[in-house]
$ cat protein14.cif   # mmCIF, C-alpha atoms
data_coords
loop_
_atom_site.group_PDB
_atom_site.id
_atom_site.type_symbol
_atom_site.label_atom_id
_atom_site.label_comp_id
_atom_site.auth_asym_id
_atom_site.auth_seq_id
_atom_site.Cartn_x
_atom_site.Cartn_y
_atom_site.Cartn_z
ATOM 1 C CA MET A 103 24.450 27.941 -5.090
ATOM 2 C CA SER A 104 26.224 25.849 -7.699
ATOM 3 C CA THR A 105 29.412 23.944 -6.934
ATOM 4 C CA ALA A 106 31.036 22.697 -10.114
ATOM 5 C CA THR A 107 33.431 19.760 -9.949
ATOM 6 C CA GLY A 108 34.640 18.923 -13.416
ATOM 7 C CA THR A 109 31.674 17.425 -15.225
ATOM 8 C CA THR A 110 29.703 16.920 -12.033
ATOM 9 C CA ALA A 111 27.673 19.746 -10.497
ATOM 10 C CA THR A 112 25.388 19.975 -7.527
ATOM 11 C CA ASP A 113 22.812 22.746 -7.936
ATOM 12 C CA THR A 114 20.681 24.219 -5.214
ATOM 13 C CA THR A 115 17.985 26.833 -5.048
ATOM 14 C CA THR A 116 16.941 29.000 -2.154
ATOM 15 C CA GLY A 117 13.445 28.393 -0.798
ATOM 16 C CA ALA A 118 11.056 30.833 0.805
ATOM 17 C CA ASP A 119 12.460 30.040 4.248
ATOM 18 C CA GLY A 120 15.999 30.880 3.108
ATOM 19 C CA ALA A 121 17.164 27.269 3.221
ATOM 20 C CA TYR A 122 18.916 25.666 0.294
ATOM 21 C CA ALA A 123 16.981 22.956 -1.542
ATOM 22 C CA PRO A 124 18.201 20.663 -4.329
ATOM 23 C CA ALA A 125 17.249 21.769 -7.814
ATOM 24 C CA ARG A 126 15.167 19.450 -9.976
ATOM 25 C CA GLY A 127 17.329 16.702 -11.432
ATOM 26 C CA SER A 128 20.081 17.074 -8.817
ATOM 27 C CA LEU A 129 19.880 13.424 -7.744
ATOM 28 C CA ARG A 130 20.179 12.227 -11.338
ATOM 29 C CA ALA A 131 23.261 14.422 -11.700
ATOM 30 C CA LEU A 132 24.952 12.452 -8.911
ATOM 31 C CA LEU A 133 24.609 9.061 -10.622
ATOM 32 C CA PRO A 134 27.324 9.524 -13.317
ATOM 33 C CA ALA A 135 29.935 9.570 -10.543
ATOM 34 C CA LEU A 136 29.258 5.833 -10.120
ATOM 35 C CA ALA A 137 30.251 5.085 -13.720
ATOM 36 C CA GLY A 138 33.888 4.541 -12.800
ATOM 37 C CA HIS A 139 32.976 2.033 -10.081
ATOM 38 C CA ARG A 140 30.587 -0.309 -11.905
ATOM 39 C CA ALA A 141 32.006 -3.541 -10.465
ATOM 40 C CA MET A 142 31.859 -2.243 -6.890
ATOM 41 C CA ALA A 143 28.357 -0.856 -7.481
ATOM 42 C CA ALA A 144 27.207 -4.233 -8.827
ATOM 43 C CA ARG A 145 28.589 -6.071 -5.790
ATOM 44 C CA THR A 146 26.925 -3.566 -3.479
ATOM 45 C CA CYS A 147 23.576 -4.003 -5.224
ATOM 46 C CA ALA A 148 23.911 -7.787 -5.033
ATOM 47 C CA ALA A 149 24.654 -7.657 -1.308
ATOM 48 C CA ALA A 150 21.708 -5.320 -0.720
ATOM 49 C CA LEU A 151 19.464 -7.658 -2.719
ATOM 50 C CA VAL A 152 20.524 -10.677 -0.633
ATOM 51 C CA GLU A 153 20.090 -8.670 2.573
ATOM 52 C CA GLN A 154 16.575 -7.477 1.743
ATOM 53 C CA GLY A 155 15.510 -10.750 0.135
ATOM 54 C CA SER A 156 16.600 -12.771 3.151
ATOM 55 C CA LEU A 157 14.664 -10.420 5.432
ATOM 56 C CA VAL A 158 11.473 -10.877 3.410
ATOM 57 C CA ALA A 159 11.947 -14.651 3.347
ATOM 58 C CA LEU A 160 12.621 -14.730 7.093
ATOM 59 C CA LEU A 161 9.544 -12.680 7.937
ATOM 60 C CA THR A 162 7.352 -14.730 5.595
ATOM 61 C CA LEU A 163 8.509 -18.061 6.969
ATOM 62 C CA ALA A 164 8.261 -16.841 10.570
ATOM 63 C CA ALA A 165 4.699 -15.576 10.007
ATOM 64 C CA HIS A 166 3.723 -18.867 8.378
ATOM 65 C CA THR A 167 5.245 -20.853 11.250
ATOM 66 C CA VAL A 168 3.461 -18.801 13.906
ATOM 67 C CA GLY A 169 0.184 -18.923 11.988
ATOM 68 C CA ALA A 170 0.370 -22.703 11.643
ATOM 69 C CA ALA A 171 1.143 -23.076 15.355
ATOM 70 C CA VAL A 172 -1.734 -20.813 16.463
ATOM 71 C CA ILE A 173 -4.421 -21.855 14.004
ATOM 72 C CA GLU A 174 -3.594 -25.506 13.388
ATOM 73 C CA GLY A 175 -1.752 -26.254 16.633
ATOM 74 C CA ARG A 176 1.154 -27.623 14.621
ATOM 75 C CA ALA A 177 4.696 -27.327 15.937
ATOM 76 C CA PRO A 178 7.375 -26.277 13.447
ATOM 77 C CA SER A 179 9.341 -29.104 11.887
ATOM 78 C CA ALA A 180 13.095 -29.504 12.166
ATOM 79 C CA ALA A 181 13.434 -28.338 8.555
ATOM 80 C CA THR A 182 11.504 -25.157 9.321
ATOM 81 C CA VAL A 183 13.626 -24.378 12.371
ATOM 82 C CA THR A 184 16.788 -25.021 10.359
ATOM 83 C CA ALA A 185 15.552 -22.724 7.589
ATOM 84 C CA LEU A 186 14.747 -19.972 10.108
ATOM 85 C CA VAL A 187 18.173 -20.203 11.736
ATOM 86 C CA THR A 188 19.856 -20.217 8.320
ATOM 87 C CA LEU A 189 17.922 -17.149 7.219
ATOM 88 C CA VAL A 190 18.858 -15.308 10.414
ATOM 89 C CA LEU A 191 22.546 -16.034 9.779
ATOM 90 C CA VAL A 192 22.294 -15.089 6.103
ATOM 91 C CA ARG A 193 20.500 -11.869 7.014
ATOM 92 C CA ALA A 194 23.176 -10.932 9.580
ATOM 93 C CA LEU A 195 26.087 -11.672 7.247
ATOM 94 C CA ALA A 196 24.422 -9.969 4.272
ATOM 95 C CA THR A 197 23.700 -6.860 6.357
ATOM 96 C CA TRP A 198 27.345 -6.598 7.398
ATOM 97 C CA ARG A 199 28.547 -7.238 3.838
ATOM 98 C CA GLU A 200 26.154 -4.681 2.361
ATOM 99 C CA MET A 201 27.271 -2.019 4.839
ATOM 100 C CA ASP A 202 30.932 -2.785 4.156
ATOM 101 C CA LEU A 203 30.570 -2.638 0.372
ATOM 102 C CA SER A 204 28.261 0.388 0.295
ATOM 103 C CA HIS A 205 30.589 2.489 2.424
ATOM 104 C CA ASP A 206 33.620 1.318 0.444
ATOM 105 C CA LEU A 207 31.838 2.437 -2.733
ATOM 106 C CA ALA A 208 30.771 5.746 -1.206
ATOM 107 C CA TYR A 209 34.255 6.714 -0.049
ATOM 108 C CA ARG A 210 35.779 5.745 -3.394
ATOM 109 C CA VAL A 211 33.308 8.067 -5.120
ATOM 110 C CA LEU A 212 33.918 10.857 -2.608
ATOM 111 C CA ALA A 213 37.669 10.574 -3.109
ATOM 112 C CA ALA A 214 37.219 11.032 -6.863
ATOM 113 C CA LEU A 215 34.908 14.011 -6.297
ATOM 114 C CA ARG A 216 37.446 15.661 -3.972
ATOM 115 C CA VAL A 217 40.087 15.386 -6.695
ATOM 116 C CA ARG A 218 37.707 17.070 -9.156
ATOM 117 C CA VAL A 219 37.040 19.869 -6.690
ATOM 118 C CA PHE A 220 40.717 20.574 -6.113
ATOM 119 C CA ASP A 221 41.519 20.352 -9.821
ATOM 120 C CA GLY A 222 38.792 22.869 -10.591
ATOM 121 C CA LEU A 223 39.759 25.308 -7.858
ATOM 122 C CA ALA A 224 43.514 24.997 -8.341
ATOM 123 C CA ARG A 225 43.224 26.702 -11.704
ATOM 124 C CA SER A 226 41.685 29.790 -10.080
ATOM 125 C CA ALA A 227 43.820 30.080 -6.936
ATOM 126 C CA PRO A 228 44.494 32.564 -5.475
ATOM 127 C CA ALA A 229 41.834 34.407 -7.449
ATOM 128 C CA ARG A 230 38.283 35.107 -6.345
ATOM 129 C CA ILE A 231 35.254 33.382 -7.845
ATOM 130 C CA ALA A 232 31.952 35.245 -7.726
ATOM 131 C CA GLY A 233 33.454 37.553 -5.100
ATOM 132 C CA ARG A 234 34.506 34.697 -2.819
ATOM 133 C CA ARG A 235 38.009 33.447 -2.089
ATOM 134 C CA SER A 236 38.884 30.116 -3.640
ATOM 135 C CA GLY A 237 39.835 28.807 -0.184
ATOM 136 C CA ASP A 238 36.341 29.534 1.134
ATOM 137 C CA LEU A 239 34.840 27.846 -1.913
ATOM 138 C CA ALA A 240 37.086 24.817 -1.390
ATOM 139 C CA ALA A 241 35.936 24.467 2.229
ATOM 140 C CA THR A 242 32.290 24.737 1.163
ATOM 141 C CA ALA A 243 32.782 22.256 -1.661
ATOM 142 C CA MET A 244 34.475 19.751 0.661
ATOM 143 C CA ALA A 245 31.528 19.996 3.050
ATOM 144 C CA ASP A 246 29.146 19.411 0.132
ATOM 145 C CA VAL A 247 31.137 16.354 -0.933
ATOM 146 C CA GLU A 248 31.044 14.889 2.584
ATOM 147 C CA ALA A 249 27.258 15.383 2.648
ATOM 148 C CA LEU A 250 26.973 13.089 -0.389
ATOM 149 C CA GLU A 251 28.211 10.111 1.644
ATOM 150 C CA PHE A 252 24.680 9.262 2.741
ATOM 151 C CA PHE A 253 23.402 9.224 -0.836
ATOM 152 C CA TYR A 254 26.097 6.913 -2.179
ATOM 153 C CA ALA A 255 26.273 4.632 0.874
ATOM 154 C CA HIS A 256 22.617 4.338 1.857
ATOM 155 C CA THR A 257 20.434 5.160 -1.138
ATOM 156 C CA THR A 258 21.365 3.929 -4.600
ATOM 157 C CA ALA A 259 21.935 0.196 -4.055
ATOM 158 C CA GLN A 260 19.229 -0.001 -1.415
ATOM 159 C CA LEU A 261 16.573 1.533 -3.674
ATOM 160 C CA LEU A 262 17.487 -0.774 -6.550
ATOM 161 C CA ALA A 263 17.341 -3.804 -4.263
ATOM 162 C CA ALA A 264 14.033 -2.685 -2.770
ATOM 163 C CA GLY A 265 12.507 -2.282 -6.227
ATOM 164 C CA THR A 266 13.728 -5.715 -7.267
ATOM 165 C CA VAL A 267 12.446 -7.390 -4.106
ATOM 166 C CA LEU A 268 9.076 -5.637 -4.434
ATOM 167 C CA THR A 269 8.736 -6.690 -8.075
ATOM 168 C CA GLY A 270 9.735 -10.284 -7.371
ATOM 169 C CA GLY A 271 7.552 -10.511 -4.275
ATOM 170 C CA THR A 272 4.563 -9.117 -6.131
ATOM 171 C CA ALA A 273 5.050 -11.682 -8.906
ATOM 172 C CA VAL A 274 5.159 -14.505 -6.341
ATOM 173 C CA LEU A 275 2.006 -13.224 -4.640
ATOM 174 C CA ALA A 276 0.218 -12.968 -7.972
ATOM 175 C CA ALA A 277 1.153 -16.588 -8.698
ATOM 176 C CA VAL A 278 -0.254 -17.671 -5.320
ATOM 177 C CA ASP A 279 -3.435 -15.601 -5.591
ATOM 178 C CA PRO A 280 -4.142 -12.876 -8.192
ATOM 179 C CA TRP A 281 -5.850 -10.759 -5.534
ATOM 180 C CA LEU A 282 -2.908 -10.590 -3.151
ATOM 181 C CA PRO A 283 -1.035 -7.819 -5.047
ATOM 182 C CA ALA A 284 -4.156 -5.664 -4.717
ATOM 183 C CA ALA A 285 -3.589 -5.675 -0.958
ATOM 184 C CA VAL A 286 0.197 -5.201 -1.082
ATOM 185 C CA LEU A 287 0.725 -2.605 -3.812
ATOM 186 C CA PRO A 288 -1.371 0.196 -2.223
ATOM 187 C CA VAL A 289 0.614 -0.194 1.007
ATOM 188 C CA ALA A 290 3.868 -0.082 -0.952
ATOM 189 C CA ALA A 291 2.680 3.066 -2.721
ATOM 190 C CA LEU A 292 1.864 4.711 0.619
ATOM 191 C CA LEU A 293 5.309 3.837 1.976
ATOM 192 C CA ALA A 294 6.960 5.285 -1.132
ATOM 193 C CA ALA A 295 4.906 8.478 -0.854
ATOM 194 C CA ALA A 296 5.516 8.945 2.881
ATOM 195 C CA PRO A 297 8.897 10.773 2.550
ATOM 196 C CA PHE A 298 7.409 13.224 0.035
ATOM 197 C CA ALA A 299 4.428 13.864 2.300
ATOM 198 C CA LEU A 300 6.694 14.483 5.270
ATOM 199 C CA GLU A 301 8.843 16.871 3.250
ATOM 200 C CA ALA A 302 5.764 18.763 2.016
ATOM 201 C CA ASP A 303 4.492 19.001 5.598
ATOM 202 C CA ARG A 304 7.873 20.311 6.734
ATOM 203 C CA LYS A 305 7.876 23.001 4.053
ATOM 204 C CA PHE A 306 4.262 24.129 4.105
ATOM 205 C CA GLY A 307 2.816 22.853 7.360
ATOM 206 C CA SER A 308 4.661 25.231 9.652
#

$ encode --input "protein14.cif" --output "C-alpha cells"
Amino acid sequence: MSTATGTTATDTTTGADGAYAPARGSLRALLPALAGHRAMAARTCAAALVEQGSLVALLTLAAHTVGAAVIEGRAPSAATVTALVTLVLVRALATWREMDLSHDLAYRVLAALRVRVFDGLARSAPARIAGRRSGDLAATAMADVEALEFFYAHTTAQLLAAGTVLTGGTAVLAAVDPWLPAAVLPVAALLAAAPFALEADRKFGS
C-alpha cells in the first residue's frame, strides 16, 4: 500500500504472513517532514540531550558514591549530596520539558501531513482511486498519519541524543582508561541490535 501526501509518501509491502511492513527507506522518507520545524526540532533535541545526559551523570555519581561508601567506608560529602539532589531535579525537569517539546513537534508535523492528505485527495473527490472511494482512502490516510505520532514524538530526538551521549561518554571513558570503551561498546552494540533481533524472532521464530 502506498499513501501519497504531496511530496511525502509512506510505502509498505505485504509480508508472508499478510501483514504490512515498511518498505526499505520508509523511515528516511519521514524525516523531510521535519524540515519546516527546524527550531522546534533543535529545542527538542537539546532537551532530550539534557535529559539523557543528566541521567548518565546521576547514575555515575550515585554508583561512585555507593562504591566509595562500601569499599572505603567513606560517607558522601555535602557537595556530593547537593550534586545528587541537583541532578535528580534537573533530570525530572528535563524529562518533562523533553516530553512537552517532542509532542508539540509531533503534532505540528502531523497537522501539516493532514493538510497534505486532504489537498491530495480533494483533487480526486468524489472519484475513485485504484478502485477505492476517496473517502475510504482519506480515513486510511488519517489513521496512517496518527500512527506516525510515535515516530516524531519518541524516536528522532531521542536517538540523536542517545548517539551524542554515547559518543561523549565513550570519549570520557577513553580519557580515564583506554580499555574502558572495550567493555562499554560491545554492550551498546548488543542493545542497539536487540530490537532487530526481536523483530526477526517475531517474523521467523513462530

$ closest_residue --input "protein14.cif" --among "A:Ala296, A:Val267, A:Leu212, A:Leu136" --to "Ala245 of chain A" --atoms "all atoms listed in the file"
A:Leu212

$ resolve_selection --input "protein14.cif" --expression "the PyMOL selection byres ((chain A and resi 159) around 12)" --output "list in words"
Leu151, Val152, Glu153, Gln154, Gly155, Ser156, Leu157, Val158, Leu160, Leu161, Thr162, Leu163, Ala164, Ala165, His166, Ala185, Leu186, Val187, Thr188, Leu189, Val190, Val192, Arg193, Val267, Gly270, Gly271 and Val274 of chain A

$ closest_residue --input "protein14.cif" --among "A:Glu200, A:Gly169, A:Phe306, A:Ala177" --to "Ala263 of chain A" --atoms "all atoms listed in the file"
A:Glu200

$ residues_around --input "protein14.cif" --residues "His139 of chain A" --least-positions-apart "2" --cutoff "10 Å" --atoms "all atoms listed in the file" --output "list in words"
Pro134, Ala135, Leu136, Ala137, Ala141, Met142, Ala143, Ala144, Leu207, Ala208, Arg210 and Val211 of chain A

$ residues_near_point --input "protein14.cif" --point "(24.4, 9.4, 3.9)" --cutoff "12 Å" --atoms "all atoms listed in the file" --output "number ranges by chain"
A: 201, 204-205, 208-209, 212, 246-258, 260

$ atom_distance --input "protein14.cif" --atom1 "atom CA of Gly138 of chain A" --atom2 "atom CA of Val217 of chain A"
13.9 Å

$ atom_distance --input "protein14.cif" --atom1 "atom CA of Leu268 of chain A" --atom2 "atom CA of Trp281 of chain A"
15.8 Å

$ axis_aligned_box --input "protein14.cif" --around "segment 172-181 of chain A" --padding-each-side "8 Å" --output "AutoDock Vina command-line options"
--center_x 4.5 --center_y -25.2 --center_z 12.6 --size_x 33.9 --size_y 24.7 --size_z 24.1

$ atom_distance --input "protein14.cif" --atom1 "atom CA of Asp221 of chain A" --atom2 "atom CA of Asp206 of chain A"
23.0 Å

$ build_atoms --input "protein14.cif" --residues "segment 276-295 of chain A" --atoms "N, CA and C atoms" --output "compact mmCIF listing (two decimals), in the coordinates of the input"
# COMPACT_ATOMS: atom_id res chain seq x y z
N ALA A 276 1.19 -12.83 -6.88
CA ALA A 276 0.22 -12.97 -7.97
C ALA A 276 0.09 -14.42 -8.41
N ALA A 277 1.21 -15.18 -8.34
CA ALA A 277 1.15 -16.59 -8.70
C ALA A 277 0.38 -17.39 -7.66
N VAL A 278 0.48 -16.98 -6.38
CA VAL A 278 -0.25 -17.67 -5.32
C VAL A 278 -1.74 -17.35 -5.39
N ASP A 279 -2.04 -16.06 -5.51
CA ASP A 279 -3.44 -15.60 -5.59
C ASP A 279 -3.44 -14.25 -6.31
N PRO A 280 -4.16 -14.13 -7.43
CA PRO A 280 -4.14 -12.88 -8.19
C PRO A 280 -4.62 -11.66 -7.40
N TRP A 281 -5.34 -11.88 -6.31
CA TRP A 281 -5.85 -10.76 -5.53
C TRP A 281 -4.87 -10.25 -4.49
N LEU A 282 -3.84 -11.01 -4.18
CA LEU A 282 -2.91 -10.59 -3.15
C LEU A 282 -2.15 -9.30 -3.50
N PRO A 283 -1.69 -9.10 -4.74
CA PRO A 283 -1.03 -7.82 -5.05
C PRO A 283 -1.92 -6.60 -4.82
N ALA A 284 -3.24 -6.79 -4.94
CA ALA A 284 -4.16 -5.66 -4.72
C ALA A 284 -4.10 -5.18 -3.27
N ALA A 285 -3.71 -6.07 -2.36
CA ALA A 285 -3.59 -5.68 -0.96
C ALA A 285 -2.21 -5.13 -0.65
N VAL A 286 -1.18 -5.59 -1.39
CA VAL A 286 0.20 -5.20 -1.08
C VAL A 286 0.60 -3.90 -1.77
N LEU A 287 0.26 -3.75 -3.04
CA LEU A 287 0.72 -2.60 -3.81
C LEU A 287 0.26 -1.26 -3.27
N PRO A 288 -1.00 -1.11 -2.82
CA PRO A 288 -1.37 0.20 -2.22
C PRO A 288 -0.54 0.55 -0.99
N VAL A 289 -0.22 -0.45 -0.17
CA VAL A 289 0.61 -0.19 1.01
C VAL A 289 2.02 0.22 0.58
N ALA A 290 2.54 -0.45 -0.45
CA ALA A 290 3.87 -0.08 -0.95
C ALA A 290 3.87 1.34 -1.50
N ALA A 291 2.78 1.71 -2.19
CA ALA A 291 2.68 3.07 -2.72
C ALA A 291 2.63 4.10 -1.60
N LEU A 292 1.92 3.80 -0.52
CA LEU A 292 1.86 4.71 0.62
C LEU A 292 3.24 4.87 1.27
N LEU A 293 3.96 3.77 1.39
CA LEU A 293 5.31 3.84 1.98
C LEU A 293 6.24 4.67 1.09
N ALA A 294 6.11 4.51 -0.22
CA ALA A 294 6.96 5.28 -1.13
C ALA A 294 6.62 6.77 -1.09
N ALA A 295 5.34 7.08 -0.87
CA ALA A 295 4.91 8.48 -0.85
C ALA A 295 5.15 9.15 0.49
